[in-house]
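Novice: Here you go, this is final-v8.cif (mmCIF, C-alpha atoms).
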```cif
data_target
#
loop_
_atom_site.label_atom_id
_atom_site.label_comp_id
_atom_site.auth_asym_id
_atom_site.auth_seq_id
_atom_site.Cartn_x
_atom_site.Cartn_y
_atom_site.Cartn_z
CA MET W 86 9.89 8.49 16.57
CA ILE W 87 9.43 6.78 13.20
CA ILE W 88 11.04 3.41 13.88
CA GLU W 89 12.18 2.93 10.28
CA SER W 90 14.46 5.95 10.71
CA THR W 91 16.59 3.77 13.01
CA TYR W 92 17.22 1.11 10.36
CA PRO W 93 20.82 0.82 9.11
CA VAL W 94 21.43 3.14 6.19
CA ASP W 95 22.06 0.17 3.89
CA PHE W 96 18.51 -1.16 4.45
CA ARG W 97 17.20 -2.19 1.02
CA LYS W 98 20.35 -0.66 -0.38
CA LYS W 99 19.67 -1.53 -4.00
CA ASP W 100 16.17 -0.05 -3.95
CA ALA W 101 17.32 3.06 -2.08
CA ALA W 102 20.15 3.61 -4.55
CA ILE W 103 17.85 3.33 -7.58
CA LEU W 104 15.26 5.69 -6.09
CA GLY W 105 17.94 8.12 -4.92
CA GLU W 106 19.53 8.26 -8.38
CA GLN W 107 16.19 9.03 -10.04
CA ILE W 108 15.42 11.80 -7.55
CA LYS W 109 18.90 13.24 -7.97
CA ASN W 110 18.27 13.46 -11.72
CA ARG W 111 14.78 14.95 -11.12
CA GLN W 112 13.15 11.96 -12.78
CA SER W 113 9.72 11.03 -11.49
CA VAL W 114 9.20 7.44 -10.36
CA VAL W 115 6.33 4.97 -10.08
CA LEU W 116 7.28 2.61 -7.24
CA ILE W 117 5.43 -0.65 -7.89
CA GLY W 118 4.98 -3.64 -5.62
CA MET W 119 2.40 -6.31 -4.94
CA LYS W 120 -0.17 -5.28 -2.37
CA ARG W 121 1.17 -4.91 1.18
CA VAL W 122 4.67 -6.04 0.27
CA GLY W 123 6.24 -3.25 2.32
CA ILE W 124 6.41 -0.15 0.12
CA SER W 125 5.24 2.06 3.00
CA ASN W 126 7.82 0.48 5.29
CA PHE W 127 10.58 1.24 2.75
CA LEU W 128 9.34 4.78 2.16
CA ARG W 129 9.22 5.64 5.87
CA PHE W 130 12.88 4.61 5.98
CA PHE W 131 13.70 6.61 2.84
CA LEU W 132 11.75 9.70 3.88
CA TYR W 133 12.89 9.99 7.48
CA HIS W 134 16.34 8.46 7.83
CA LYS W 135 18.79 11.32 8.36
CA ASP W 136 21.50 9.82 6.14
CA ILE W 137 19.41 9.08 3.04
CA ILE W 138 20.15 12.28 1.14
CA PRO W 139 23.94 12.30 1.69
CA GLU W 140 24.18 8.54 1.10
CA TYR W 141 21.98 8.11 -1.98
CA ILE W 142 21.36 11.54 -3.51
CA GLY W 143 24.15 13.93 -2.52
CA SER W 144 24.16 17.05 -0.38
CA LYS W 145 25.07 19.70 -2.96
CA GLU W 146 21.42 20.58 -3.58
CA LYS W 147 18.66 21.28 -1.06
CA HIS W 148 16.35 18.31 -1.57
CA LEU W 149 12.94 18.46 0.04
CA PHE W 150 10.75 15.38 0.58
CA ILE W 151 6.99 15.96 0.84
CA PRO W 152 4.94 12.83 1.67
CA VAL W 153 1.25 12.90 0.73
CA ASP W 154 -0.30 9.71 2.12
CA LEU W 155 -3.53 9.11 0.21
CA HIS W 156 -4.73 6.81 2.99
CA ASP W 157 -5.60 10.14 4.64
CA LEU W 158 -7.95 11.01 1.78
CA ILE W 159 -11.44 10.09 3.01
CA GLU W 160 -13.23 11.48 -0.04
CA ARG W 161 -11.47 10.43 -3.23
CA GLU W 162 -12.45 13.48 -5.22
CA LEU W 163 -10.49 16.28 -6.87
CA PHE W 164 -11.01 19.02 -4.30
CA PRO W 165 -9.98 16.94 -1.24
CA PHE W 166 -6.99 15.58 -3.18
CA TRP W 167 -5.62 19.01 -3.99
CA VAL W 168 -6.41 20.32 -0.49
CA LEU W 169 -4.52 17.44 1.10
CA THR W 170 -1.57 17.97 -1.24
CA LEU W 171 -1.52 21.71 -0.57
CA LYS W 172 -1.74 21.09 3.19
CA ARG W 173 1.22 18.69 3.18
CA VAL W 174 3.34 21.05 1.05
CA CYS W 175 2.53 24.00 3.31
CA ASP W 176 3.26 21.96 6.46
CA VAL W 177 6.73 21.16 5.15
CA ALA W 178 7.29 24.76 4.05
CA MET W 179 6.49 26.08 7.52
CA ASP W 180 9.34 24.02 8.98
CA LEU W 181 11.93 25.45 6.60
CA SER W 182 14.28 28.36 7.12
CA LEU W 183 12.32 30.65 4.84
CA GLU W 184 11.89 34.39 5.24
CA GLU W 185 8.97 35.21 7.52
CA ARG W 186 7.41 37.21 4.71
CA THR W 187 7.44 34.13 2.46
CA LYS W 188 5.94 31.97 5.21
CA ARG W 189 3.13 34.47 5.72
CA GLN W 190 2.43 34.46 1.99
CA ILE W 191 2.28 30.66 1.96
CA GLU W 192 -0.01 30.57 4.97
CA SER W 193 -2.29 33.17 3.38
CA LEU W 194 -2.42 31.21 0.10
CA PHE W 195 -3.49 28.09 1.97
CA LEU W 196 -6.17 29.70 4.13
CA ASN W 197 -7.68 31.83 1.38
CA SER W 198 -7.87 29.01 -1.17
CA ILE W 199 -9.46 26.36 1.05
CA GLN W 200 -12.07 28.80 2.30
CA THR W 201 -13.30 29.33 -1.25
CA HIS W 202 -13.98 25.59 -1.81
CA ASP W 203 -12.80 26.24 -5.35
CA THR W 204 -10.67 23.46 -6.82
CA PHE W 205 -8.96 25.77 -9.32
CA LEU W 206 -7.90 28.25 -6.62
CA VAL W 207 -6.55 25.45 -4.42
CA PHE W 208 -4.54 24.08 -7.33
CA ASP W 209 -3.31 27.57 -8.25
CA SER W 210 -2.21 28.16 -4.65
CA LEU W 211 -0.38 24.83 -4.68
CA ARG W 212 1.47 25.85 -7.81
CA SER W 213 2.41 29.20 -6.26
CA VAL W 214 3.72 27.58 -3.07
CA ILE W 215 5.82 25.03 -4.96
CA ILE W 216 7.28 27.77 -7.18
CA LYS W 217 8.20 29.76 -4.05
CA LEU W 218 10.02 26.72 -2.66
CA CYS W 219 11.95 26.33 -5.89
CA GLU W 220 12.80 30.04 -5.95
CA ALA W 221 14.17 29.62 -2.43
CA GLY W 222 16.61 27.04 -3.80
CA TYR W 223 14.82 23.81 -2.87
CA LEU W 224 14.26 20.76 -5.05
CA PRO W 225 10.89 19.38 -3.90
CA THR W 226 9.86 15.76 -4.42
CA ILE W 227 6.22 14.92 -3.69
CA PHE W 228 5.60 11.31 -2.66
CA PHE W 229 2.03 10.32 -3.55
CA ILE W 230 1.60 7.20 -1.42
CA ARG W 231 -1.09 4.79 -2.66
CA PHE W 232 -1.70 6.74 -5.85
CA ASP W 233 -3.69 3.76 -7.14
CA ARG W 234 -6.53 4.96 -4.87
CA MET W 235 -7.17 7.78 -7.36
CA GLU W 236 -8.94 5.53 -9.85
CA ASP W 237 -12.28 7.32 -9.51
CA ILE W 238 -10.92 10.77 -10.36
CA MET W 239 -8.20 9.95 -12.86
CA ASN W 240 -8.73 11.68 -16.20
CA GLN W 241 -6.71 13.62 -18.75
CA GLU W 242 -7.23 16.95 -17.01
CA PHE W 243 -6.09 15.58 -13.66
CA PHE W 244 -2.92 14.14 -15.20
CA ALA W 245 -2.32 17.40 -17.12
CA ASN W 246 -2.49 19.33 -13.84
CA ILE W 247 0.03 17.01 -12.19
CA GLN W 248 2.32 17.41 -15.17
CA GLY W 249 1.64 21.15 -15.22
CA LEU W 250 3.04 21.58 -11.72
CA ARG W 251 6.28 20.01 -12.85
CA ASP W 252 6.42 22.19 -15.96
CA ALA W 253 5.77 25.32 -13.88
CA THR W 254 8.95 24.61 -11.88
CA HIS W 255 11.02 23.90 -15.01
CA GLN W 256 11.30 20.25 -13.95
CA ARG W 257 12.71 21.07 -10.51
CA LEU W 258 9.67 19.32 -8.99
CA ALA W 259 9.70 15.51 -9.12
CA TYR W 260 7.19 12.88 -8.06
CA VAL W 261 7.27 9.44 -6.51
CA PHE W 262 3.99 7.56 -6.97
CA THR W 263 3.39 4.26 -5.20
CA SER W 264 1.05 1.72 -6.74
CA PHE W 265 0.46 -2.02 -6.90
CA LYS W 266 0.61 -1.89 -10.70
CA SER W 267 1.99 0.36 -13.39
CA LEU W 268 -0.08 3.46 -14.13
CA ASP W 269 -0.56 2.48 -17.78
CA VAL W 270 -2.16 -0.79 -16.59
CA LEU W 271 -4.41 0.88 -14.02
CA PHE W 272 -5.32 3.87 -16.19
CA PRO W 273 -4.90 2.75 -19.82
CA ASP W 274 -7.10 5.55 -21.15
CA ILE W 275 -4.82 8.17 -19.58
CA PHE W 276 -1.36 6.67 -19.84
CA ASN W 277 0.25 4.68 -22.60
CA LYS W 278 3.67 3.09 -22.18
CA GLN W 279 5.42 5.63 -24.36
CA ALA W 280 3.93 8.63 -22.55
CA LEU W 281 4.55 7.05 -19.16
CA ASN W 282 8.21 6.37 -19.97
CA VAL W 283 8.68 10.08 -20.62
CA PHE W 284 6.75 11.12 -17.53
CA ALA W 285 8.03 8.62 -14.93
CA LYS W 286 10.24 5.55 -14.60
CA ASN W 287 8.78 2.29 -13.26
CA VAL W 288 10.74 0.85 -10.32
CA HIS W 289 9.62 -2.50 -8.87
CA LEU W 290 9.92 -3.32 -5.18
CA GLN W 291 10.20 -7.02 -4.39
CA PRO W 292 9.87 -8.80 -1.01
CA ALA W 293 12.68 -7.92 1.36
CA GLU W 294 15.92 -9.91 1.27
CA GLU W 295 17.18 -11.78 4.32
CA LYS W 296 19.35 -8.94 5.64
CA ASP W 297 16.57 -6.41 5.30
CA ILE W 298 13.78 -8.57 6.69
CA GLU W 299 15.95 -9.04 9.79
CA ALA W 300 15.71 -5.29 10.50
CA ILE W 301 11.94 -5.40 10.02
CA TYR W 302 11.63 -8.48 12.23
CA GLN W 303 13.60 -6.87 15.04
CA THR W 304 11.34 -3.80 14.84
CA TYR W 305 8.08 -5.73 14.98
CA CYS W 306 9.02 -8.36 17.54
CA SER W 307 10.30 -5.71 19.96
CA ARG W 308 6.63 -5.31 20.93
CA TYR W 309 6.38 -8.95 21.94
CA ASP W 310 8.32 -11.63 23.81
CA LYS W 311 11.42 -11.70 21.62
CA GLU W 312 13.00 -14.65 23.43
CA SER W 313 10.00 -16.88 22.72
CA LEU W 314 9.70 -15.68 19.12
CA ASN W 315 13.36 -16.29 18.39
CA LYS W 316 12.79 -20.03 18.94
CA ILE W 317 10.70 -20.14 15.75
CA LYS W 318 12.22 -17.14 13.98
CA LYS W 319 13.83 -19.18 11.19
CA GLU W 320 10.57 -21.00 10.40
CA LEU W 321 8.52 -17.78 10.52
CA LEU W 322 10.87 -15.88 8.22
CA GLY W 323 10.96 -18.81 5.82
CA LEU W 324 7.17 -18.93 5.58
CA THR W 325 6.66 -15.18 5.19
CA ASP W 326 9.62 -14.92 2.78
CA GLY W 327 10.27 -11.18 2.91
CA TYR W 328 6.62 -10.18 2.71
CA VAL W 329 6.11 -7.52 5.38
CA GLN W 330 2.38 -7.98 5.94
CA PHE W 331 2.70 -11.75 6.34
CA LEU W 332 5.49 -11.23 8.87
CA GLN W 333 3.46 -8.75 10.88
CA LEU W 334 0.40 -10.99 10.87
CA GLY W 335 2.51 -14.00 11.83
CA LEU W 336 3.85 -12.21 14.90
CA ILE W 337 0.31 -11.19 15.87
CA VAL W 338 -1.00 -14.75 15.54
CA LEU W 339 1.85 -16.14 17.65
CA HIS W 340 1.33 -13.46 20.28
CA GLU W 341 -2.36 -14.34 20.46
CA ARG W 342 -1.42 -18.00 20.95
CA ASN W 343 0.97 -16.98 23.75
CA TYR W 344 3.99 -18.31 21.82
CA PRO W 345 3.27 -22.04 22.11
CA GLU W 346 5.91 -24.65 21.40
CA ILE W 347 5.22 -25.33 17.76
CA THR W 348 6.80 -27.27 14.91
CA ALA W 349 7.43 -25.87 11.45
CA ASP W 350 4.53 -27.88 10.01
CA GLU W 351 2.18 -26.74 12.80
CA LEU W 352 3.20 -23.13 12.25
CA TYR W 353 2.47 -23.47 8.53
CA GLU W 354 -1.00 -24.90 9.18
CA LEU W 355 -1.72 -22.30 11.85
CA LEU W 356 -0.91 -19.37 9.58
CA LEU W 357 -2.35 -20.86 6.40
CA ASN W 358 -5.74 -21.39 8.05
CA ASP W 359 -5.86 -18.01 9.78
CA GLU W 360 -8.59 -15.81 8.28
CA ARG W 361 -6.31 -12.77 8.15
CA PHE W 362 -3.73 -14.63 6.07
CA SER W 363 -6.45 -15.90 3.76
CA LEU W 364 -7.77 -12.38 3.27
CA GLN W 365 -4.28 -11.03 2.61
CA SER W 366 -3.54 -13.78 0.08
CA GLU W 367 -6.90 -13.16 -1.55
CA GLU W 368 -6.09 -9.47 -1.90
CA ILE W 369 -2.91 -10.31 -3.80
CA TRP W 370 -4.74 -12.90 -5.92
CA GLU W 371 -7.62 -10.57 -6.81
CA SER W 372 -5.18 -7.85 -7.91
CA LEU W 373 -3.80 -10.12 -10.64
CA SER W 374 -4.97 -10.48 -14.22
CA THR W 375 -6.46 -13.70 -15.58
CA ILE W 376 -3.24 -14.48 -17.43
CA GLU W 377 -1.15 -13.89 -14.30
CA ARG W 378 -3.39 -16.22 -12.29
CA ASP W 379 -3.18 -18.91 -14.96
CA VAL W 380 0.62 -18.77 -14.92
CA LEU W 381 0.65 -18.99 -11.13
CA ARG W 382 -1.56 -22.07 -11.25
CA LYS W 383 0.80 -23.70 -13.74
CA ILE W 384 3.79 -23.00 -11.48
CA VAL W 385 2.05 -24.36 -8.38
CA GLN W 386 0.98 -27.49 -10.29
CA GLY W 387 4.55 -28.06 -11.48
CA LYS W 388 3.76 -27.56 -15.15
CA ASP W 389 6.33 -26.28 -17.63
CA ILE W 390 6.58 -22.51 -18.03
CA ILE W 391 7.45 -21.23 -21.48
CA GLU W 392 8.90 -17.86 -22.50
CA GLN W 393 5.47 -16.67 -23.59
CA ASP W 394 4.17 -17.23 -20.04
CA ILE W 395 7.04 -15.21 -18.60
CA ASP W 396 6.47 -12.39 -21.07
CA GLU W 397 2.70 -12.24 -20.60
CA ALA W 398 2.94 -12.45 -16.80
CA LYS W 399 6.12 -10.44 -16.32
CA TYR W 400 4.50 -8.51 -13.45
CA LEU W 401 4.78 -11.69 -11.35
CA PHE W 402 8.53 -11.78 -11.89
CA GLU W 403 9.12 -8.03 -11.63
CA THR W 404 7.40 -7.80 -8.25
CA GLY W 405 8.83 -11.04 -6.85
CA ILE W 406 5.53 -12.91 -6.60
CA VAL W 407 7.39 -15.51 -8.61
CA LYS W 408 11.11 -16.18 -8.13
CA LYS W 409 13.19 -17.49 -11.01
CA ASP W 410 16.77 -18.66 -11.09
CA SER W 411 18.74 -20.79 -13.51
CA THR W 412 17.04 -24.03 -12.46
CA THR W 413 13.76 -23.28 -10.69
CA ILE W 414 10.65 -21.14 -10.83
CA LYS W 415 8.60 -20.92 -7.65
CA VAL W 416 5.99 -18.82 -5.84
CA PHE W 417 7.61 -16.44 -3.35
CA SER W 418 5.98 -17.66 -0.11
CA PRO W 419 4.87 -21.14 0.99
CA LEU W 420 1.80 -19.48 2.51
CA PHE W 421 0.74 -17.85 -0.74
CA LYS W 422 1.52 -21.06 -2.60
CA GLY W 423 -0.65 -22.93 -0.10
CA TYR W 424 -3.47 -20.46 -0.63
CA ILE W 425 -3.37 -21.09 -4.39
CA GLU W 426 -3.33 -24.84 -3.83
CA ILE W 427 -6.53 -24.79 -1.77
CA LEU W 428 -8.43 -22.41 -4.07
CA LYS W 429 -9.53 -25.19 -6.36
CA SER W 430 -10.64 -27.47 -3.56
CA GLN W 431 -12.60 -24.63 -1.95
CA HIS W 432 -14.24 -23.94 -5.29
CA ASP W 433 -15.10 -27.61 -5.76
CA VAL W 434 -16.69 -28.09 -2.35
CA GLN W 435 -20.22 -26.93 -3.06
CA ASN W 436 -21.74 -28.56 0.01
CA LYS W 437 -19.95 -26.23 2.40
CA ASP W 438 -22.35 -24.16 4.51
CA GLU W 439 -21.98 -20.80 2.83
CA THR W 440 -24.21 -19.15 5.44
CA GLU W 441 -21.80 -19.73 8.33
CA PHE W 442 -20.16 -16.49 9.44
CA SER W 443 -16.42 -16.29 9.96
CA LYS W 444 -15.13 -14.62 13.11
CA LYS W 445 -14.63 -11.23 11.47
CA GLU W 446 -17.93 -11.40 9.58
CA HIS W 447 -19.61 -12.04 12.93
CA GLU W 448 -17.80 -9.09 14.53
CA LEU W 449 -18.79 -6.80 11.67
CA LEU W 450 -22.44 -7.91 11.84
CA ASN W 451 -22.58 -7.26 15.61
CA LEU W 452 -21.10 -3.81 15.06
CA LEU W 453 -23.63 -2.95 12.34
CA LEU W 454 -26.47 -4.27 14.51
CA LYS W 455 -25.33 -2.10 17.40
CA TYR W 456 -25.63 0.98 15.19
CA LYS W 457 -28.59 -0.22 13.13
CA ASN W 458 -29.98 2.47 10.79
CA ASN W 459 -26.92 4.62 11.42
CA VAL W 460 -23.75 4.98 9.38
CA VAL W 461 -20.76 3.05 10.72
CA ASP W 462 -17.60 4.69 9.41
CA ARG W 463 -14.64 2.73 8.15
CA GLU W 464 -12.40 3.86 11.00
CA LEU W 465 -14.73 2.32 13.59
CA ILE W 466 -14.91 -0.90 11.57
CA ILE W 467 -11.12 -1.11 11.63
CA ASP W 468 -11.00 -0.44 15.39
CA ILE W 469 -13.56 -3.13 16.23
CA VAL W 470 -12.94 -5.79 13.61
CA TRP W 471 -9.15 -5.49 13.35
CA PRO W 472 -8.00 -4.41 16.85
CA GLU W 473 -4.86 -6.50 16.49
CA VAL W 474 -3.59 -4.61 13.42
CA GLU W 475 -2.26 -1.08 13.02
CA PRO W 476 -5.03 1.03 11.39
CA PHE W 477 -2.95 1.92 8.32
CA ASP W 478 -2.37 -1.79 7.67
CA VAL W 479 -6.07 -2.44 6.99
CA THR W 480 -6.76 -1.70 3.33
CA ASP W 481 -9.92 -0.36 1.71
CA TRP W 482 -10.04 -3.62 -0.22
CA ALA W 483 -10.05 -5.72 2.98
CA ILE W 484 -12.97 -3.74 4.40
CA ASP W 485 -14.96 -3.82 1.17
CA ARG W 486 -14.32 -7.53 0.72
CA LEU W 487 -15.46 -8.36 4.25
CA VAL W 488 -18.64 -6.31 3.78
CA SER W 489 -19.27 -8.01 0.45
CA ARG W 490 -19.00 -11.46 2.01
CA LEU W 491 -21.31 -10.57 4.88
CA ARG W 492 -23.81 -9.02 2.48
CA SER W 493 -23.78 -12.16 0.34
CA LYS W 494 -24.34 -14.47 3.31
CA LEU W 495 -27.21 -12.35 4.61
CA LYS W 496 -28.80 -12.63 1.21
CA THR W 497 -28.26 -16.41 1.12
CA GLN W 498 -29.91 -16.66 4.54
CA LYS W 499 -32.82 -14.59 3.19
CA SER W 500 -32.23 -12.23 6.09
CA ASN W 501 -34.38 -9.14 6.63
CA TYR W 502 -31.24 -7.10 7.06
CA ARG W 503 -29.54 -5.24 4.24
CA ILE W 504 -26.15 -3.50 4.19
CA THR W 505 -26.01 -0.29 2.19
CA THR W 506 -22.87 1.61 1.26
CA VAL W 507 -22.76 5.29 2.19
CA ARG W 508 -20.24 6.73 -0.26
CA THR W 509 -17.06 8.17 1.28
CA ARG W 510 -18.33 7.45 4.81
CA GLY W 511 -19.03 3.80 5.57
CA TYR W 512 -21.91 1.32 5.81
CA LYS W 513 -25.39 1.13 7.28
CA LEU W 514 -27.50 -1.86 8.31
CA THR W 515 -31.21 -1.48 7.71
CA GLU W 516 -34.17 -3.81 8.05
CA ILE W 517 -36.19 -4.51 4.92
#
```
Would you mind writing the file's structure down as structure tokens?
Specialist:
Amino acid sequence: MIIESTYPVDFRKKDAAILGEQIKNRQSVVLIGMKRVGISNFLRFFLYHKDIIPEYIGSKEKHLFIPVDLHDLIERELFPFWVLTLKRVCDVAMDLSLEERTKRQIESLFLNSIQTHDTFLVFDSLRSVIIKLCEAGYLPTIFFIRFDRMEDIMNQEFFANIQGLRDATHQRLAYVFTSFKSLDVLFPDIFNKQALNVFAKNVHLQPAEEKDIEAIYQTYCSRYDKESLNKIKKELLGLTDGYVQFLQLGLIVLHERNYPEITADELYELLLNDERFSLQSEEIWESLSTIERDVLRKIVQGKDIIEQDIDEAKYLFETGIVKKDSTTIKVFSPLFKGYIEILKSQHDVQNKDETEFSKKEHELLNLLLKYKNNVVDRELIIDIVWPEVEPFDVTDWAIDRLVSRLRSKLKTQKSNYRITTVRTRGYKLTEI
């Protein structure tokens, strides 16, 4: 069972209502949120809760949700992308009450096209299958989860093909793209704001509100000793402040510590100094522009924020990284604020031993040594280095960043070992 399907139907009600209204009107959407804020958590609720369509869209039409999780895309190239999309569409079609003849045609289209290894034929088959679904009275919506992973293959032709599928169905097909930034920011050569506004509407997802984070908390802590966790629940929720990944990591850290008696200040220090929290905060920080980082520094330092700052760094406000009311402007989480506060001091301390391995760097090095001269795939790295985290919660960025740090320290040590990247597969440790 997908646990998010058990959430109350009014979970993230405002976000669900906005997304539902856009889908009802066959308007494509780019769902934007800071990295790991909980978009996937929200979408699992939206995709699989049985009452979503009647509650937020309406039951007069036959709406069909087709999730295409691009985490599943090992090779970020055109052919695998279209094959994965075709596979997910066909999987959904096979579960529908279609005529057996139509199902056989769909199955034949899939098998024949992938056997050719021809990108055009796969795309053409995808178009044919989607048209058949529309002719059968369905309104399909394809959810491209983590569409920002497509950076390497994004070009005008790729976008034209995505748009072409929609045109071929006379706008009965709609899309939901998820991304940590707007598509015109990530792909400025392909999208401009005017074209994007016609193609899709930007919808920003902020950290969960108190009512909604309660549902997430109950889901996660059901795996642990809930009675012990409830003693520090208020402090934990205050520190993580609606940010799903922080909450999950906080529960993991406390479970590892066997739920000690701990004060609010001790909990703050424990989480702030945990390597996983630092890496997560760094991922958010590195995803921001120079202007956005400068504005964050000003807020943390208590400096005045002018309208120009708000306009130039509006992404911070739209995604909830920064919260603004009539009297205050503040960073969303004390933990992320603390990370920003120590960045400068870390940068200033030049005498720190930069060759000392962190725990996870050490685990990665041991793994690479074990398989020296052989490729270690990313899935194995996740299993060994992040055993405490669900596999889909470890991002490509986190893996690449950890490898980059280890590579840098090996170089500083003048080590004989070298880490090479094997594209689309993983990493290999060799001796120079």
Novice: Could you tell me which of W:Ile227, W:Thr480, W:Phe232, W:Trp370 comes closest to Leu271 of chain W if we count only C-alpha atoms?
Specialist: W:Phe232
Novice: Once the PyMOL selection byres ((chain W and resi 207) around 9) has been applied to the shown file, what residues remain in the selection, as a VMD selection string?
Specialist: chain W and resid 164 167 to 168 171 194 to 195 197 to 199 201 to 206 208 to 212
Novice: To verify the selection step, state as a list in words which residues the PyMOL selection byres ((chain W and resi 223) around 7) yields on this input.
Specialist: Lys147, His148, Leu149, Leu218, Cys219, Ala221, Gly222, Leu224 and Pro225 of chain W
Novice: Which residue out of W:Thr170, W:Ile138, W:Asn126, W:Arg503 has the minimum interatomic distance to Thr304 of chain W when only C-alpha atoms are used?
Specialist: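 Using only C-alpha atoms, the shortest distance to Thr304 of chain W belongs to W:Asn126.
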Novice: Using all atoms listed in the file, can you tell me which of W:Gln248, W:Gln333, W:Asn287, W:Gln279 comes closest to Arg308 of chain W?
Specialist: W:Gln333
Novice: Please identify all polymer residues within 10 Å of segment 490-499 of chain W, counting only C-alpha atoms, omitting same-chain residues fewer than 5 positions from it, and present them as a list in words.
Specialist: Asp438, Glu439, Thr440, Glu441, Phe442, Ser443, Lys445, Glu446, His447, Leu449, Leu450, Asp485, Ile504, Thr505 and Leu514 of chain W
Novice: Would you mind exporting C-alpha atoms of the selected residues as a CSV table (one decimal), in the frame of the given file?
Specialist:
```csv
chain,number,residue,atom,x,y,z
W,438,ASP,CA,-22.4,-24.2,4.5
W,439,GLU,CA,-22.0,-20.8,2.8
W,440,THR,CA,-24.2,-19.2,5.4
W,441,GLU,CA,-21.8,-19.7,8.3
W,442,PHE,CA,-20.2,-16.5,9.4
W,443,SER,CA,-16.4,-16.3,10.0
W,445,LYS,CA,-14.6,-11.2,11.5
W,446,GLU,CA,-17.9,-11.4,9.6
W,447,HIS,CA,-19.6,-12.0,12.9
W,449,LEU,CA,-18.8,-6.8,11.7
W,450,LEU,CA,-22.4,-7.9,11.8
W,485,ASP,CA,-15.0,-3.8,1.2
W,504,ILE,CA,-26.2,-3.5,4.2
W,505,THR,CA,-26.0,-0.3,2.2
W,514,LEU,CA,-27.5,-1.9,8.3
```
